[in-house]
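Have a look at query20.txt; it's compact mmCIF, C-alpha atoms:
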# COMPACT_ATOMS: atom_id res chain seq x y z
CA MET A 1 0.00 0.00 0.00
CA THR A 2 1.29 3.42 -0.97
CA GLY A 3 2.10 5.91 1.78
CA THR A 4 2.25 3.37 4.59
CA SER A 5 5.21 1.69 6.17
CA THR A 6 5.36 -1.56 7.99
CA PRO A 7 7.14 -1.31 11.33
CA THR A 8 10.20 -3.50 11.54
CA ARG A 9 10.48 -5.93 14.37
CA ARG A 10 13.70 -6.62 16.12
CA PRO A 11 14.64 -10.26 15.54
CA THR A 12 14.22 -12.46 18.57
CA ARG A 13 17.59 -13.31 20.07
CA ILE A 14 18.45 -16.93 20.70
CA PHE A 15 21.97 -16.80 22.07
CA ALA A 16 23.04 -14.77 25.09
CA ASP A 17 22.76 -11.01 24.62
CA LEU A 18 26.30 -9.59 24.55
CA THR A 19 25.19 -5.96 24.53
CA PRO A 20 26.53 -5.26 28.07
CA LEU A 21 29.97 -6.51 26.99
CA ARG A 22 29.94 -4.31 23.89
CA THR A 23 28.63 -1.10 25.43
CA SER A 24 30.41 -0.95 28.80
CA PRO A 25 34.20 -1.42 28.92
CA ASP A 26 34.07 -1.41 32.74
CA TYR A 27 31.49 -4.20 32.84
CA ARG A 28 33.40 -6.11 30.14
CA ARG A 29 36.60 -6.06 32.20
CA LEU A 30 34.69 -6.99 35.35
CA TRP A 31 32.98 -9.93 33.61
CA ILE A 32 36.17 -11.25 32.00
CA GLY A 33 38.13 -10.87 35.22
CA GLY A 34 35.36 -12.54 37.23
CA THR A 35 35.09 -15.43 34.78
CA ILE A 36 38.82 -16.14 34.90
CA SER A 37 39.13 -15.81 38.67
CA TRP A 38 35.98 -17.89 39.31
CA MET A 39 37.55 -20.73 37.35
CA GLY A 40 40.68 -20.47 39.50
CA GLN A 41 38.64 -20.46 42.71
CA ALA A 42 36.80 -23.61 41.60
CA MET A 43 40.17 -25.27 40.98
CA THR A 44 41.34 -24.29 44.46
CA ALA A 45 38.14 -25.55 46.10
CA LEU A 46 38.67 -29.00 44.61
CA ALA A 47 42.40 -28.99 45.41
CA ILE A 48 41.69 -28.16 49.09
CA SER A 49 39.20 -31.03 49.36
CA LEU A 50 41.69 -33.43 47.78
CA GLN A 51 44.51 -32.23 50.03
CA VAL A 52 42.40 -32.53 53.18
CA TYR A 53 41.54 -36.11 52.26
CA ASP A 54 45.16 -36.82 51.37
CA ILE A 55 46.23 -35.64 54.83
CA THR A 56 43.44 -37.16 56.96
CA ARG A 57 41.98 -40.02 54.87
CA SER A 58 38.64 -38.97 56.37
CA SER A 59 35.49 -38.03 54.48
CA PHE A 60 34.24 -36.33 57.64
CA SER A 61 37.28 -34.04 57.57
CA VAL A 62 36.50 -33.20 53.94
CA GLY A 63 32.92 -32.41 54.94
CA LEU A 64 34.21 -29.94 57.51
CA VAL A 65 35.60 -27.86 54.63
CA GLY A 66 32.03 -26.95 53.70
CA LEU A 67 31.18 -26.05 57.29
CA PHE A 68 34.23 -23.81 57.69
CA SER A 69 33.15 -22.06 54.50
CA LEU A 70 29.42 -21.81 55.18
CA VAL A 71 29.47 -20.21 58.65
CA PRO A 72 31.66 -17.19 57.73
CA LEU A 73 29.79 -16.80 54.44
CA VAL A 74 26.43 -16.55 56.23
CA VAL A 75 27.68 -14.29 59.04
CA PHE A 76 29.81 -11.97 56.95
CA GLY A 77 27.37 -12.01 54.03
CA LEU A 78 25.04 -9.75 55.99
CA TYR A 79 27.79 -7.49 57.31
CA GLY A 80 29.58 -7.46 53.97
CA GLY A 81 26.44 -6.01 52.43
CA ALA A 82 26.30 -3.29 55.10
CA ILE A 83 29.95 -2.42 54.47
CA ALA A 84 29.26 -2.26 50.72
CA ASP A 85 26.56 0.34 51.46
CA THR A 86 29.00 2.41 53.52
CA VAL A 87 32.33 2.60 51.69
CA ASP A 88 33.63 2.89 48.14
CA ARG A 89 32.53 -0.40 46.58
CA ARG A 90 35.44 -0.33 44.15
CA LYS A 91 37.94 -0.29 47.03
CA LEU A 92 36.04 -2.98 48.91
CA GLY A 93 36.06 -5.20 45.81
CA LEU A 94 39.74 -4.48 45.18
CA TYR A 95 40.89 -5.16 48.75
CA SER A 96 38.80 -8.33 49.13
CA SER A 97 40.20 -9.61 45.80
CA LEU A 98 43.69 -8.87 47.07
CA GLY A 99 42.85 -10.89 50.18
CA LEU A 100 41.75 -13.87 48.08
CA THR A 101 44.93 -13.60 46.03
CA ALA A 102 47.08 -13.57 49.17
CA LEU A 103 45.30 -16.62 50.56
CA SER A 104 45.97 -18.57 47.35
CA ILE A 105 49.64 -17.63 47.64
CA VAL A 106 49.65 -18.88 51.26
CA LEU A 107 48.20 -22.21 50.10
CA ALA A 108 50.81 -22.51 47.35
CA GLY A 109 53.63 -21.66 49.75
CA ALA A 110 52.45 -24.23 52.30
CA ALA A 111 52.21 -26.90 49.59
CA LEU A 112 55.69 -26.06 48.28
CA LEU A 113 57.07 -26.34 51.83
CA ASP A 114 55.29 -29.70 52.19
CA HIS A 115 53.26 -28.44 55.15
CA HIS A 116 50.66 -31.02 56.23
CA GLY A 117 48.60 -29.05 58.76
CA VAL A 118 44.91 -29.54 57.99
CA TRP A 119 43.97 -26.66 60.28
CA LEU A 120 45.86 -24.28 58.04
CA LEU A 121 43.60 -25.37 55.20
CA TYR A 122 40.46 -24.90 57.34
CA THR A 123 41.65 -21.44 58.38
CA VAL A 124 42.31 -20.41 54.79
CA VAL A 125 38.89 -21.70 53.71
CA ALA A 126 37.21 -19.64 56.44
CA LEU A 127 39.15 -16.51 55.46
CA GLN A 128 38.32 -17.11 51.80
CA ALA A 129 34.64 -17.17 52.75
CA VAL A 130 35.04 -13.86 54.61
CA CYS A 131 36.70 -12.22 51.59
CA GLY A 132 34.07 -13.68 49.28
CA ALA A 133 31.26 -12.39 51.51
CA LEU A 134 32.77 -8.90 51.28
CA ASN A 135 33.46 -9.13 47.56
CA GLY A 136 30.08 -10.47 46.39
CA PRO A 137 27.79 -7.64 47.57
CA ALA A 138 30.23 -5.01 46.32
CA ARG A 139 30.42 -6.56 42.83
CA SER A 140 26.67 -7.03 42.51
CA ALA A 141 25.88 -3.49 43.68
CA MET A 142 28.29 -2.12 41.04
CA ILE A 143 26.51 -3.60 38.02
CA PRO A 144 23.43 -1.30 38.02
CA ARG A 145 25.85 1.66 38.11
CA LEU A 146 27.70 0.38 35.04
CA LEU A 147 24.73 -0.54 32.84
CA PRO A 148 21.27 0.83 32.01
CA THR A 149 18.33 -0.98 33.60
CA GLU A 150 17.22 -2.63 30.34
CA GLN A 151 20.58 -4.41 30.07
CA LEU A 152 20.48 -5.95 33.57
CA PRO A 153 18.76 -9.23 32.49
CA ALA A 154 21.45 -9.76 29.84
CA ALA A 155 24.20 -8.99 32.37
CA ASN A 156 22.77 -11.40 34.94
CA ALA A 157 22.48 -14.11 32.27
CA LEU A 158 26.14 -13.56 31.40
CA ASN A 159 27.01 -13.77 35.10
CA SER A 160 25.18 -17.11 35.27
CA VAL A 161 27.38 -18.38 32.43
CA THR A 162 30.43 -17.34 34.45
CA MET A 163 29.31 -19.18 37.58
CA THR A 164 28.08 -22.31 35.85
CA SER A 165 31.06 -22.73 33.53
CA GLY A 166 33.43 -22.20 36.44
CA THR A 167 31.56 -24.73 38.56
CA MET A 168 31.66 -27.28 35.71
CA LEU A 169 35.14 -26.75 34.28
CA GLY A 170 37.06 -25.56 37.33
CA PRO A 171 37.00 -28.89 39.21
CA VAL A 172 37.92 -30.78 36.02
CA LEU A 173 40.92 -28.53 35.40
CA GLY A 174 41.79 -28.61 39.10
CA GLY A 175 41.86 -32.40 39.13
CA LEU A 176 44.09 -32.50 36.06
CA VAL A 177 46.48 -29.86 37.41
CA VAL A 178 46.78 -31.54 40.82
CA GLY A 179 47.34 -34.91 39.14
CA TRP A 180 50.06 -33.57 36.83
CA TRP A 181 51.88 -30.96 38.90
CA GLY A 182 50.60 -31.11 42.49
CA TYR A 183 48.56 -28.93 44.80
CA GLN A 184 50.94 -26.00 44.65
CA ALA A 185 50.37 -25.65 40.89
CA ALA A 186 46.58 -25.35 41.32
CA TYR A 187 46.99 -22.72 44.03
CA LEU A 188 49.55 -20.73 42.03
CA ILE A 189 47.31 -20.78 38.95
CA ASP A 190 44.46 -19.50 41.12
CA ALA A 191 46.63 -16.64 42.39
CA VAL A 192 47.59 -15.71 38.82
CA THR A 193 43.97 -15.76 37.62
CA PHE A 194 43.12 -13.12 40.22
CA CYS A 195 45.29 -10.66 38.32
CA ALA A 196 42.46 -10.27 35.80
CA ALA A 197 39.93 -9.51 38.57
CA LEU A 198 42.33 -7.10 40.26
CA TYR A 199 42.94 -5.24 37.03
CA ALA A 200 39.20 -4.96 36.36
CA MET A 201 38.56 -3.57 39.86
CA TRP A 202 41.50 -1.17 39.62
CA ARG A 203 40.18 0.32 36.36
CA LEU A 204 36.70 1.02 37.76
CA PRO A 205 35.66 4.53 38.78
CA SER A 206 34.85 5.32 42.40
CA MET A 207 31.64 3.58 43.50
CA LEU A 208 30.45 5.40 46.61
CA PRO A 209 26.81 4.51 47.45
CA GLU A 210 24.13 6.92 46.25
CA ARG A 211 21.69 8.14 48.87
CA GLU A 212 17.95 8.38 48.22
CA ASP A 213 18.26 12.16 47.76
CA GLY A 214 20.58 11.52 44.81
CA ALA A 215 23.77 12.52 46.63
CA THR A 216 26.84 10.34 46.51
CA GLY A 217 29.21 9.90 49.39
CA ARG A 218 30.45 7.89 52.33
CA ARG A 219 27.78 7.06 54.92
CA ARG A 220 28.61 7.12 58.61
CA ARG A 221 27.17 3.65 59.12
CA ALA A 222 24.92 1.32 57.16
CA SER A 223 22.96 -0.93 59.51
CA VAL A 224 22.17 -4.55 58.79
CA LEU A 225 18.91 -4.12 60.71
CA ASP A 226 17.96 -1.16 58.52
CA GLY A 227 18.41 -3.39 55.49
CA LEU A 228 16.20 -6.08 57.00
CA ARG A 229 13.56 -3.49 57.92
CA PHE A 230 13.66 -2.18 54.36
CA LEU A 231 13.17 -5.72 53.07
CA GLY A 232 10.17 -6.07 55.40
CA THR A 233 8.42 -3.20 53.60
CA ARG A 234 9.12 -4.45 50.05
CA PRO A 235 6.88 -7.44 49.23
CA ASN A 236 8.15 -7.96 45.68
CA ILE A 237 11.78 -8.18 46.80
CA ARG A 238 10.79 -10.48 49.66
CA MET A 239 9.02 -12.75 47.19
CA THR A 240 12.23 -13.22 45.21
CA PHE A 241 13.81 -14.67 48.36
CA PHE A 242 10.75 -16.70 49.37
CA SER A 243 10.44 -18.28 45.92
CA ASP A 244 14.10 -19.26 45.88
CA MET A 245 13.85 -20.74 49.36
CA ALA A 246 10.81 -22.78 48.27
CA ALA A 247 12.89 -24.28 45.46
CA MET A 248 16.17 -24.79 47.30
CA VAL A 249 14.82 -26.06 50.62
CA LEU A 250 11.87 -28.18 49.48
CA ALA A 251 13.07 -29.48 46.10
CA GLN A 252 16.81 -30.02 46.43
CA PRO A 253 17.65 -33.65 45.51
CA LYS A 254 21.46 -33.38 45.38
CA ALA A 255 22.12 -35.08 48.74
CA LEU A 256 20.30 -38.20 47.51
CA PHE A 257 22.30 -38.64 44.29
CA PRO A 258 24.76 -41.21 45.74
CA ALA A 259 21.90 -43.38 47.01
CA ILE A 260 19.67 -43.22 43.95
CA ALA A 261 22.61 -43.80 41.60
CA VAL A 262 22.80 -47.30 43.10
CA LEU A 263 19.16 -47.96 44.04
CA TRP A 264 17.49 -46.63 40.89
CA TYR A 265 20.09 -46.97 38.18
CA GLY A 266 22.44 -49.69 39.43
CA GLY A 267 25.32 -47.31 38.86
CA ASP A 268 28.48 -46.19 40.63
CA ALA A 269 30.50 -43.02 41.19
CA LYS A 270 30.38 -42.18 37.49
CA THR A 271 26.58 -42.20 37.65
CA VAL A 272 26.71 -39.81 40.61
CA GLY A 273 28.94 -37.55 38.54
CA LEU A 274 26.37 -37.50 35.73
CA LEU A 275 23.56 -36.67 38.14
CA VAL A 276 25.56 -33.81 39.67
CA ALA A 277 26.57 -32.46 36.25
CA ALA A 278 23.10 -32.55 34.65
CA PRO A 279 21.62 -29.48 36.44
CA ALA A 280 24.84 -27.56 35.76
CA VAL A 281 24.66 -28.42 32.06
CA GLY A 282 21.04 -27.24 31.96
CA ALA A 283 21.98 -24.04 33.79
CA LEU A 284 24.81 -23.36 31.35
CA LEU A 285 22.53 -23.90 28.35
CA GLY A 286 19.96 -21.62 29.96
CA GLY A 287 22.59 -18.89 30.14
CA LEU A 288 23.98 -19.44 26.65
CA PHE A 289 20.51 -19.38 25.05
CA SER A 290 19.21 -16.45 27.12
CA GLY A 291 18.84 -13.81 24.40
CA TRP A 292 15.03 -13.92 24.56
CA LEU A 293 14.95 -13.05 28.27
CA GLY A 294 15.49 -9.37 27.52
CA ARG A 295 12.04 -9.17 25.90
CA ILE A 296 10.26 -10.29 29.09
CA ARG A 297 8.76 -7.45 31.16
CA ARG A 298 6.65 -9.40 33.70
CA HIS A 299 9.60 -10.47 35.82
CA GLY A 300 7.54 -11.62 38.79
CA LEU A 301 5.41 -13.91 36.64
CA ALA A 302 8.55 -15.24 34.94
CA ILE A 303 10.02 -16.10 38.36
CA LEU A 304 6.85 -17.93 39.41
CA ILE A 305 6.77 -19.95 36.18
CA SER A 306 10.47 -20.85 36.27
CA VAL A 307 10.44 -21.86 39.96
CA ALA A 308 7.31 -23.96 39.33
CA ALA A 309 9.11 -25.55 36.37
CA TRP A 310 12.04 -26.39 38.69
CA GLY A 311 9.69 -28.06 41.19
CA LEU A 312 7.79 -30.02 38.54
CA ALA A 313 11.00 -31.16 36.81
CA VAL A 314 12.37 -32.41 40.15
CA ALA A 315 9.08 -34.14 40.93
CA VAL A 316 9.07 -35.98 37.58
CA PHE A 317 12.74 -36.87 38.04
CA GLY A 318 11.74 -38.59 41.27
CA LEU A 319 9.42 -40.87 39.31
CA THR A 320 11.88 -41.82 36.55
CA ARG A 321 13.95 -44.96 36.54
CA ASN A 322 15.62 -44.41 33.18
CA LEU A 323 18.97 -42.69 33.67
CA TRP A 324 18.94 -40.57 30.51
CA LEU A 325 15.38 -39.45 31.07
CA GLY A 326 16.29 -38.54 34.63
CA LEU A 327 19.30 -36.55 33.43
CA PHE A 328 17.03 -34.69 31.00
CA PHE A 329 14.67 -33.57 33.77
CA LEU A 330 17.58 -32.55 35.99
CA ALA A 331 18.97 -30.47 33.13
CA LEU A 332 15.52 -28.94 32.63
CA ALA A 333 15.46 -28.03 36.32
CA GLY A 334 18.89 -26.41 36.02
CA CYS A 335 17.76 -24.36 33.04
CA ALA A 336 14.67 -23.18 34.94
CA ASP A 337 16.86 -22.22 37.90
CA THR A 338 19.03 -20.01 35.68
CA ILE A 339 15.98 -18.20 34.31
CA SER A 340 14.68 -17.66 37.83
CA MET A 341 18.08 -16.37 38.97
CA VAL A 342 18.31 -13.88 36.09
CA PHE A 343 14.97 -12.28 36.90
CA ARG A 344 15.42 -12.43 40.68
CA SER A 345 18.78 -10.65 40.44
CA THR A 346 17.43 -8.11 37.96
CA MET A 347 14.42 -7.30 40.13
CA MET A 348 16.60 -6.86 43.22
CA GLN A 349 19.02 -4.57 41.37
CA ALA A 350 16.39 -2.48 39.56
CA ALA A 351 13.80 -2.07 42.33
CA THR A 352 16.24 -1.39 45.19
CA PRO A 353 17.76 2.04 45.96
CA ASP A 354 21.51 2.11 45.43
CA GLU A 355 22.19 2.73 49.12
CA MET A 356 20.43 -0.58 49.99
CA ARG A 357 21.79 -2.82 47.22
CA GLY A 358 24.78 -4.10 49.17
CA ARG A 359 22.71 -5.18 52.16
CA LEU A 360 20.09 -6.94 50.08
CA GLN A 361 22.85 -8.69 48.15
CA GLY A 362 24.18 -9.82 51.54
CA VAL A 363 20.79 -11.35 52.31
CA PHE A 364 20.87 -12.96 48.85
CA ILE A 365 24.24 -14.57 49.69
CA VAL A 366 22.82 -15.98 52.92
CA VAL A 367 19.80 -17.42 51.07
CA VAL A 368 21.93 -18.90 48.28
CA ALA A 369 24.43 -20.36 50.74
CA GLY A 370 22.00 -21.60 53.36
CA GLY A 371 19.01 -22.72 51.29
CA PRO A 372 20.64 -25.70 49.52
CA ARG A 373 22.24 -26.87 52.80
CA LEU A 374 18.85 -26.88 54.50
CA GLY A 375 17.46 -28.64 51.42
CA ASP A 376 20.12 -31.34 51.67
CA PHE A 377 19.24 -31.91 55.34
CA LEU A 378 15.50 -32.03 54.65
CA ALA A 379 15.86 -34.39 51.68
CA GLY A 380 18.20 -36.70 53.57
CA THR A 381 15.93 -36.81 56.62
CA THR A 382 12.77 -37.40 54.57
CA ALA A 383 14.45 -40.14 52.53
CA GLU A 384 15.63 -41.84 55.72
CA LEU A 385 12.12 -41.77 57.23
CA THR A 386 10.29 -42.69 54.01
CA SER A 387 12.08 -43.26 50.69
CA PRO A 388 14.10 -41.29 48.11
CA THR A 389 11.05 -41.24 45.81
CA VAL A 390 8.88 -39.60 48.46
CA ALA A 391 11.62 -37.15 49.35
CA ILE A 392 12.28 -36.03 45.76
CA THR A 393 8.81 -36.15 44.21
CA GLY A 394 7.12 -34.90 47.36
CA GLY A 395 9.66 -32.11 47.64
CA GLY A 396 9.09 -31.01 44.04
CA LEU A 397 5.32 -30.96 44.47
CA GLY A 398 5.71 -29.24 47.84
CA CYS A 399 7.74 -26.51 46.13
CA VAL A 400 4.92 -25.89 43.64
CA LEU A 401 2.30 -25.90 46.43
CA VAL A 402 4.18 -23.42 48.63
CA LEU A 403 4.92 -21.23 45.61
CA SER A 404 1.19 -21.17 44.74
CA LEU A 405 0.32 -20.13 48.30
CA LEU A 406 2.95 -17.37 48.21
CA ALA A 407 1.67 -16.11 44.85
CA ALA A 408 -1.90 -16.06 46.19
CA ARG A 409 -0.79 -14.14 49.29
CA TRP A 410 1.21 -11.51 47.37
CA ARG A 411 -0.69 -11.22 44.10
CA GLY A 412 1.06 -8.03 43.05
CA PHE A 413 4.26 -10.02 42.47
CA ALA A 414 2.88 -11.63 39.30
CA ARG A 415 1.96 -8.16 38.00
CA TYR A 416 5.45 -6.71 38.51
CA ASP A 417 6.48 -4.82 35.35
CA ALA A 418 10.16 -4.12 34.65
CA ARG A 419 9.21 -0.84 32.93
CA SER A 420 8.12 0.60 36.30
CA PRO A 421 9.97 -1.43 38.95
CA GLN A 422 8.35 -1.33 42.36
CA ALA A 423 9.94 -3.17 45.27

Could you render the structure as structure tokens?
Amino acid sequence: MTGTSTPTRRPTRIFADLTPLRTSPDYRRLWIGGTISWMGQAMTALAISLQVYDITRSSFSVGLVGLFSLVPLVVFGLYGGAIADTVDRRKLGLYSSLGLTALSIVLAGAALLDHHGVWLLYTVVALQAVCGALNGPARSAMIPRLLPTEQLPAANALNSVTMTSGTMLGPVLGGLVVGWWGYQAAYLIDAVTFCAALYAMWRLPSMLPEREDGATGRRRRASVLDGLRFLGTRPNIRMTFFSDMAAMVLAQPKALFPAIAVLWYGGDAKTVGLLVAAPAVGALLGGLFSGWLGRIRRHGLAILISVAAWGLAVAVFGLTRNLWLGLFFLALAGCADTISMVFRSTMMQAATPDEMRGRLQGVFIVVVAGGPRLGDFLAGTTAELTSPTVAITGGGLGCVLVLSLLAARWRGFARYDARSPQA
């Protein structure tokens, strides 16, 4: 028809949206540095577990590594967020990264000197958790200052690729490095990888928290309790935490993988490895094929759907007795978890004032660290009292039920629109 024009539609993205990497040099350096250093940290985590077992020949002693990491992470996660809302976040990120680098050097030095003290390893693990709890809120609170709001879903999807690829590949590389060159090589490589993160932090501009009146500057004190009170008045932000807890506490089957590998599939340690890897593979694919997420505006509804998909996938997995079908549903659950994480992180960053972002990220760390541990305990206890099938399938359905009750209680969450974020 003459005199009319047909509006052009932007093609739907399939692969991860790389716009944040192209438009923001600061974010690009931060992402590259974080990806490299995360891989090194995953190598070190495996090397420490192997070294503890090599020294003690005790699985219980290896299990204590997780405890020495969890307690400081939970405690300092909250206070790390308050510090991030008080000081220059760039300096906090830089100094905590320097601390992690120094601890890797200490591990390498002890290994080179053939030091066999397991308590040194526990102490380093605890201090690593402290530095990580200080570093995490600072890094997360920086991202909304580096990118426009519409690019936050793409940035969080890219961050999920970093975490998942590091979790998958880091232990593999760590095992190879320890096998070929010893523990000291893994620790030294980790220390070197931190150079990329240090450089990225060093190049950032000052990141003093912005107050609600728009001013920027150092606060006298940012209270953890003030952050929790703020969270108590923001139902949409609270729902992001509640929905994640429903998934991680009620529908977390990981602790049962060793048992069901034998009971259901007649497998061995290799089968356990496949079960552990399947959700990570799904999560990685969810991040790599995340380009379409940027078109979603109803973030609350997307979180509800993806968390429900996690619960249903876990429930169906509990009914399968075919290994490859079970791996498929675990991968599907991992993919749903990535989608949920992208929108939960985006909502928290976009709907929270800058002066509160560090503290809410501290709460996020506590939820992420504590939820799966509680889920492991609940799944193990339920399986012991009933059966693995009841624990897994019942947990998945329980997740969906609790999520439905939460959505009915806070109905505004499903109506949340990213174009006018309201906490």

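Proximity to Asn322 in chain A was assessed for A:Leu46, A:Leu263, A:Ile14, A:Leu98 counting all atoms listed in the file; the smallest distance is recorded for A:Leu263.
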
Identify which of the residues A:Thr56, A:Gln361, A:Ser345, A:Thr86 lies closest to Leu208 in chain A, counting all atoms listed in the file when measuring atom-to-atom distances. A:Thr86

Rounded to one decimal, what separation in Å do you get between CA of Arg238 in chain A and CA of Ala309 in chain A? 20.2 Å

By how many Å are CA of Gly117 in chain A and CA of Ile189 in chain A apart? 21.5 Å

Show me as a PyMOL selection string the residues that reach within 12 Å of (13.1, -42.3, 34.9), counting all atoms listed in the file and using the file's own coordinates. chain A and resi 260-261+264-265+313-330+389+393

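In this model, the gap between CA of Val249 in chain A and CA of Leu401 in chain A comes to 13.2 Å.
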
Identify, on the basis of all atoms listed in the file, every residue whose closest approach to range 220-237 of chain A does not exceed 7 Å; exclude the query and any residue fewer than 6 positions from it along the same chain; express the result as a PyMOL selection string. chain A and resi 78-79+82-83+85-86+348+356+359-360+413+423

Can I get range 174-190 of chain A with N, CA, C and O atoms filled in, as a CSV table (one decimal), in the coordinates of the input?
chain,number,residue,atom,x,y,z
A,174,GLY,N,41.1,-28.5,37.8
A,174,GLY,CA,41.8,-28.6,39.1
A,174,GLY,C,42.3,-30.0,39.3
A,174,GLY,O,43.4,-30.2,39.7
A,175,GLY,N,41.4,-31.0,39.0
A,175,GLY,CA,41.9,-32.4,39.1
A,175,GLY,C,43.0,-32.7,38.2
A,175,GLY,O,44.0,-33.4,38.6
A,176,LEU,N,43.0,-32.2,37.0
A,176,LEU,CA,44.1,-32.5,36.1
A,176,LEU,C,45.4,-31.8,36.5
A,176,LEU,O,46.5,-32.5,36.5
A,177,VAL,N,45.3,-30.6,37.0
A,177,VAL,CA,46.5,-29.9,37.4
A,177,VAL,C,47.1,-30.5,38.6
A,177,VAL,O,48.3,-30.7,38.7
A,178,VAL,N,46.3,-30.9,39.6
A,178,VAL,CA,46.8,-31.5,40.8
A,178,VAL,C,47.4,-32.9,40.4
A,178,VAL,O,48.5,-33.2,41.0
A,179,GLY,N,46.8,-33.6,39.5
A,179,GLY,CA,47.3,-34.9,39.1
A,179,GLY,C,48.7,-34.8,38.4
A,179,GLY,O,49.6,-35.6,38.6
A,180,TRP,N,48.8,-33.7,37.6
A,180,TRP,CA,50.1,-33.6,36.8
A,180,TRP,C,51.2,-32.9,37.6
A,180,TRP,O,52.3,-33.3,37.5
A,181,TRP,N,50.8,-31.8,38.3
A,181,TRP,CA,51.9,-31.0,38.9
A,181,TRP,C,51.8,-30.7,40.4
A,181,TRP,O,52.6,-30.1,41.0
A,182,GLY,N,50.7,-31.2,41.0
A,182,GLY,CA,50.6,-31.1,42.5
A,182,GLY,C,49.7,-30.0,42.9
A,182,GLY,O,49.3,-29.1,42.1
A,183,TYR,N,49.5,-29.9,44.2
A,183,TYR,CA,48.6,-28.9,44.8
A,183,TYR,C,49.1,-27.5,44.6
A,183,TYR,O,48.3,-26.6,44.3
A,184,GLN,N,50.4,-27.3,44.8
A,184,GLN,CA,50.9,-26.0,44.6
A,184,GLN,C,50.7,-25.4,43.3
A,184,GLN,O,50.5,-24.2,43.2
A,185,ALA,N,50.6,-26.2,42.2
A,185,ALA,CA,50.4,-25.6,40.9
A,185,ALA,C,48.9,-25.1,40.8
A,185,ALA,O,48.7,-24.0,40.2
A,186,ALA,N,48.0,-25.8,41.4
A,186,ALA,CA,46.6,-25.4,41.3
A,186,ALA,C,46.4,-24.0,42.1
A,186,ALA,O,45.8,-23.1,41.6
A,187,TYR,N,47.1,-23.9,43.2
A,187,TYR,CA,47.0,-22.7,44.0
A,187,TYR,C,47.7,-21.5,43.3
A,187,TYR,O,47.2,-20.4,43.4
A,188,LEU,N,48.8,-21.8,42.7
A,188,LEU,CA,49.6,-20.7,42.0
A,188,LEU,C,48.8,-20.2,40.8
A,188,LEU,O,48.7,-19.0,40.5
A,189,ILE,N,48.1,-21.2,40.1
A,189,ILE,CA,47.3,-20.8,39.0
A,189,ILE,C,46.2,-19.9,39.4
A,189,ILE,O,45.8,-18.9,38.8
A,190,ASP,N,45.6,-20.3,40.6
A,190,ASP,CA,44.5,-19.5,41.1
A,190,ASP,C,44.9,-18.1,41.4
A,190,ASP,O,44.2,-17.1,41.1
